[in-house]
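Structure record follows, encoded as structure tokens.
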Amino acid sequence: MVRITLVTPAVNAALRQVRFDDAPPDPAAARRAEAAAGALPHHDTGLTAPSERCRGTARALGLDAEVTEGLRDLDVGRWRGRSLDEVGRRAPEEVAAWLADPAAAPHGGESLLELLERVGAWLEGRAGSEERVLAVADPAVVRAALVHALGVPARTFWRLDAAPLTATELSGRSGRWNLRCGRPLTAAE
């Protein structure tokens, strides 16, 4: 049985402002990640998404992590660098379509269905192994993994939250996944 622990990155200004952007974790958040390093579960393989916030969190956690494209964040195309509020003011119909239709990609990037397919393929590609994987992944990737693992409708994605510096644990074999969500990584563990 494979065991995959997905750790969400430490917070940064973009996450706090709900901005489609990437930056390393804030200094205070990086210190919290450093303090939580002892709370990481045993693992055979360390991975990280390519984003600055994930790579910075992996470093702060002391994780020897290989960057993997399968864990990259949702591509929001021309919305990159903007906040959700800003996009909502300038293009409310586009935001409404994006939130209502999992196949929509009005930003010119990746649709929610494409993200779910990509992350689901990454998960299933690991299902036959006996390894313990620890991966730092952006919140959208963690939410997509949960949608896939639970086999729930794509729209459920918008109803899930993946808080910073939490661990979501998936274990499974033969396409059947079990889930333990949102365990905080704290120095006290």
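Following the order of the structure tokens, chains are lettered A, B, ..., residues in each are numbered from 1, and ligands are numbered from 1.
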Excluding Trp158 in chain A and any residue of its chain fewer than 2 positions from it, enumerate the residues within 12 Å of it, using only C-alpha atoms, and give them as a PDB file with N, CA and C atoms, in the first residue's frame.
```pdb
ATOM      1  N   TRP A  98     -15.978  30.245 -14.475  1.00  0.00           N
ATOM      2  CA  TRP A  98     -14.903  29.414 -13.940  1.00  0.00           C
ATOM      3  C   TRP A  98     -15.360  28.646 -12.703  1.00  0.00           C
ATOM      4  N   LEU A  99     -16.101  29.320 -11.826  1.00  0.00           N
ATOM      5  CA  LEU A  99     -16.565  28.683 -10.592  1.00  0.00           C
ATOM      6  C   LEU A  99     -17.737  27.737 -10.828  1.00  0.00           C
ATOM      7  N   ALA A 100     -18.515  27.957 -11.877  1.00  0.00           N
ATOM      8  CA  ALA A 100     -19.706  27.142 -12.127  1.00  0.00           C
ATOM      9  C   ALA A 100     -19.455  25.944 -13.034  1.00  0.00           C
ATOM     10  N   ASP A 101     -18.514  26.070 -13.940  1.00  0.00           N
ATOM     11  CA  ASP A 101     -18.292  25.024 -14.947  1.00  0.00           C
ATOM     12  C   ASP A 101     -16.874  24.471 -14.830  1.00  0.00           C
ATOM     13  N   PRO A 102     -16.715  23.231 -14.349  1.00  0.00           N
ATOM     14  CA  PRO A 102     -15.379  22.660 -14.188  1.00  0.00           C
ATOM     15  C   PRO A 102     -14.575  22.556 -15.486  1.00  0.00           C
ATOM     16  N   LEU A 112     -10.455  23.355 -14.381  1.00  0.00           N
ATOM     17  CA  LEU A 112     -10.498  22.529 -13.178  1.00  0.00           C
ATOM     18  C   LEU A 112     -10.470  21.049 -13.553  1.00  0.00           C
ATOM     19  N   PRO A 139      -2.219  24.366  -2.415  1.00  0.00           N
ATOM     20  CA  PRO A 139      -3.562  24.007  -1.954  1.00  0.00           C
ATOM     21  C   PRO A 139      -4.478  23.467  -3.052  1.00  0.00           C
ATOM     22  N   ALA A 140      -4.425  24.039  -4.253  1.00  0.00           N
ATOM     23  CA  ALA A 140      -5.290  23.550  -5.332  1.00  0.00           C
ATOM     24  C   ALA A 140      -4.970  22.102  -5.687  1.00  0.00           C
ATOM     25  N   VAL A 142      -3.706  19.829  -3.594  1.00  0.00           N
ATOM     26  CA  VAL A 142      -4.198  19.005  -2.488  1.00  0.00           C
ATOM     27  C   VAL A 142      -5.703  18.819  -2.624  1.00  0.00           C
ATOM     28  N   ARG A 143      -6.416  19.883  -2.927  1.00  0.00           N
ATOM     29  CA  ARG A 143      -7.872  19.785  -3.094  1.00  0.00           C
ATOM     30  C   ARG A 143      -8.225  18.868  -4.265  1.00  0.00           C
ATOM     31  N   ALA A 144      -7.470  18.972  -5.359  1.00  0.00           N
ATOM     32  CA  ALA A 144      -7.716  18.094  -6.516  1.00  0.00           C
ATOM     33  C   ALA A 144      -7.456  16.640  -6.147  1.00  0.00           C
ATOM     34  N   LEU A 146      -7.850  15.300  -3.231  1.00  0.00           N
ATOM     35  CA  LEU A 146      -8.980  14.864  -2.406  1.00  0.00           C
ATOM     36  C   LEU A 146     -10.203  14.542  -3.265  1.00  0.00           C
ATOM     37  N   VAL A 147     -10.492  15.402  -4.237  1.00  0.00           N
ATOM     38  CA  VAL A 147     -11.629  15.147  -5.133  1.00  0.00           C
ATOM     39  C   VAL A 147     -11.435  13.810  -5.842  1.00  0.00           C
ATOM     40  N   VAL A 152     -15.591  12.258  -5.696  1.00  0.00           N
ATOM     41  CA  VAL A 152     -16.728  13.176  -5.592  1.00  0.00           C
ATOM     42  C   VAL A 152     -16.789  14.057  -6.836  1.00  0.00           C
ATOM     43  N   PRO A 153     -17.919  14.707  -7.072  1.00  0.00           N
ATOM     44  CA  PRO A 153     -18.031  15.563  -8.251  1.00  0.00           C
ATOM     45  C   PRO A 153     -16.986  16.687  -8.244  1.00  0.00           C
ATOM     46  N   ALA A 154     -16.591  17.108  -9.433  1.00  0.00           N
ATOM     47  CA  ALA A 154     -15.564  18.138  -9.589  1.00  0.00           C
ATOM     48  C   ALA A 154     -15.917  19.420  -8.847  1.00  0.00           C
ATOM     49  N   ARG A 155     -17.177  19.777  -8.803  1.00  0.00           N
ATOM     50  CA  ARG A 155     -17.594  21.022  -8.133  1.00  0.00           C
ATOM     51  C   ARG A 155     -17.271  21.008  -6.639  1.00  0.00           C
ATOM     52  N   THR A 156     -17.066  19.840  -6.077  1.00  0.00           N
ATOM     53  CA  THR A 156     -16.713  19.730  -4.665  1.00  0.00           C
ATOM     54  C   THR A 156     -15.388  20.424  -4.383  1.00  0.00           C
ATOM     55  N   LEU A 160     -13.728  22.612  -0.601  1.00  0.00           N
ATOM     56  CA  LEU A 160     -12.656  22.081   0.232  1.00  0.00           C
ATOM     57  C   LEU A 160     -11.654  23.175   0.557  1.00  0.00           C
ATOM     58  N   ASP A 161     -11.022  23.050   1.707  1.00  0.00           N
ATOM     59  CA  ASP A 161      -9.992  23.998   2.094  1.00  0.00           C
ATOM     60  C   ASP A 161      -8.754  23.203   2.492  1.00  0.00           C
ATOM     61  N   ALA A 162      -7.604  23.722   2.178  1.00  0.00           N
ATOM     62  CA  ALA A 162      -6.330  23.107   2.559  1.00  0.00           C
ATOM     63  C   ALA A 162      -5.499  24.208   3.215  1.00  0.00           C
TER      64      ALA A 162
END
```
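Excluding Val2 in chain A itself and same-chain residues fewer than 6 positions from it, the residues having an atom within 8 Å of it are Arg126, Ala127, Gly128, Ser129, Glu130, Glu131, Arg132, Val133, Ser171, Gly172 and Arg173 of chain A, counting only C-alpha atoms.
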Note to self: From the options A:Gly77, A:Pro164, A:Gly125, A:Gly120, which residue's atoms come nearest to Asn12 in chain A, counting only C-alpha atoms?
What the structure shows: A:Pro164
Just the residues within 10 Å of Pro41 in chain A, please, counting only C-alpha atoms, with nothing from its chain fewer than 6 positions along; format it as a short mmCIF file (atom, residue, chain, number, x, y, z; two decimals) with N, CA, C and O atoms, in the first residue's frame.
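Once written, result.cif looks like this:
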```cif
data_model
loop_
_atom_site.label_atom_id
_atom_site.label_comp_id
_atom_site.auth_asym_id
_atom_site.auth_seq_id
_atom_site.Cartn_x
_atom_site.Cartn_y
_atom_site.Cartn_z
N THR A 5 1.66 11.64 1.81
CA THR A 5 1.34 12.77 2.68
C THR A 5 1.58 14.04 1.88
O THR A 5 2.69 14.28 1.40
N ARG A 132 6.42 5.34 0.90
CA ARG A 132 5.84 6.44 1.67
C ARG A 132 6.36 7.73 1.05
O ARG A 132 7.56 7.97 1.04
N VAL A 133 5.45 8.52 0.51
CA VAL A 133 5.80 9.75 -0.20
C VAL A 133 5.38 10.94 0.65
O VAL A 133 4.27 10.97 1.18
N LEU A 134 6.26 11.90 0.76
CA LEU A 134 5.95 13.18 1.39
C LEU A 134 6.14 14.25 0.33
O LEU A 134 7.22 14.37 -0.24
N ALA A 167 -1.00 18.59 6.91
CA ALA A 167 -0.71 17.34 6.20
C ALA A 167 -2.00 16.62 5.91
O ALA A 167 -2.83 16.41 6.80
N GLU A 169 -3.19 13.01 4.44
CA GLU A 169 -2.60 11.69 4.22
C GLU A 169 -3.56 10.81 3.41
O GLU A 169 -4.72 10.67 3.76
N LEU A 185 0.86 20.69 11.09
CA LEU A 185 2.26 20.40 11.38
C LEU A 185 2.71 21.42 12.43
O LEU A 185 2.79 22.60 12.14
#
```
Note to self: Give me, as an MDAnalysis selection string, all polymer residues having an atom no more than 8 Å from Gly108 in chain A, counting only C-alpha atoms and skipping those fewer than 2 positions away in the same chain.
What the structure shows: chainID A and resid 76:78 105:106 110
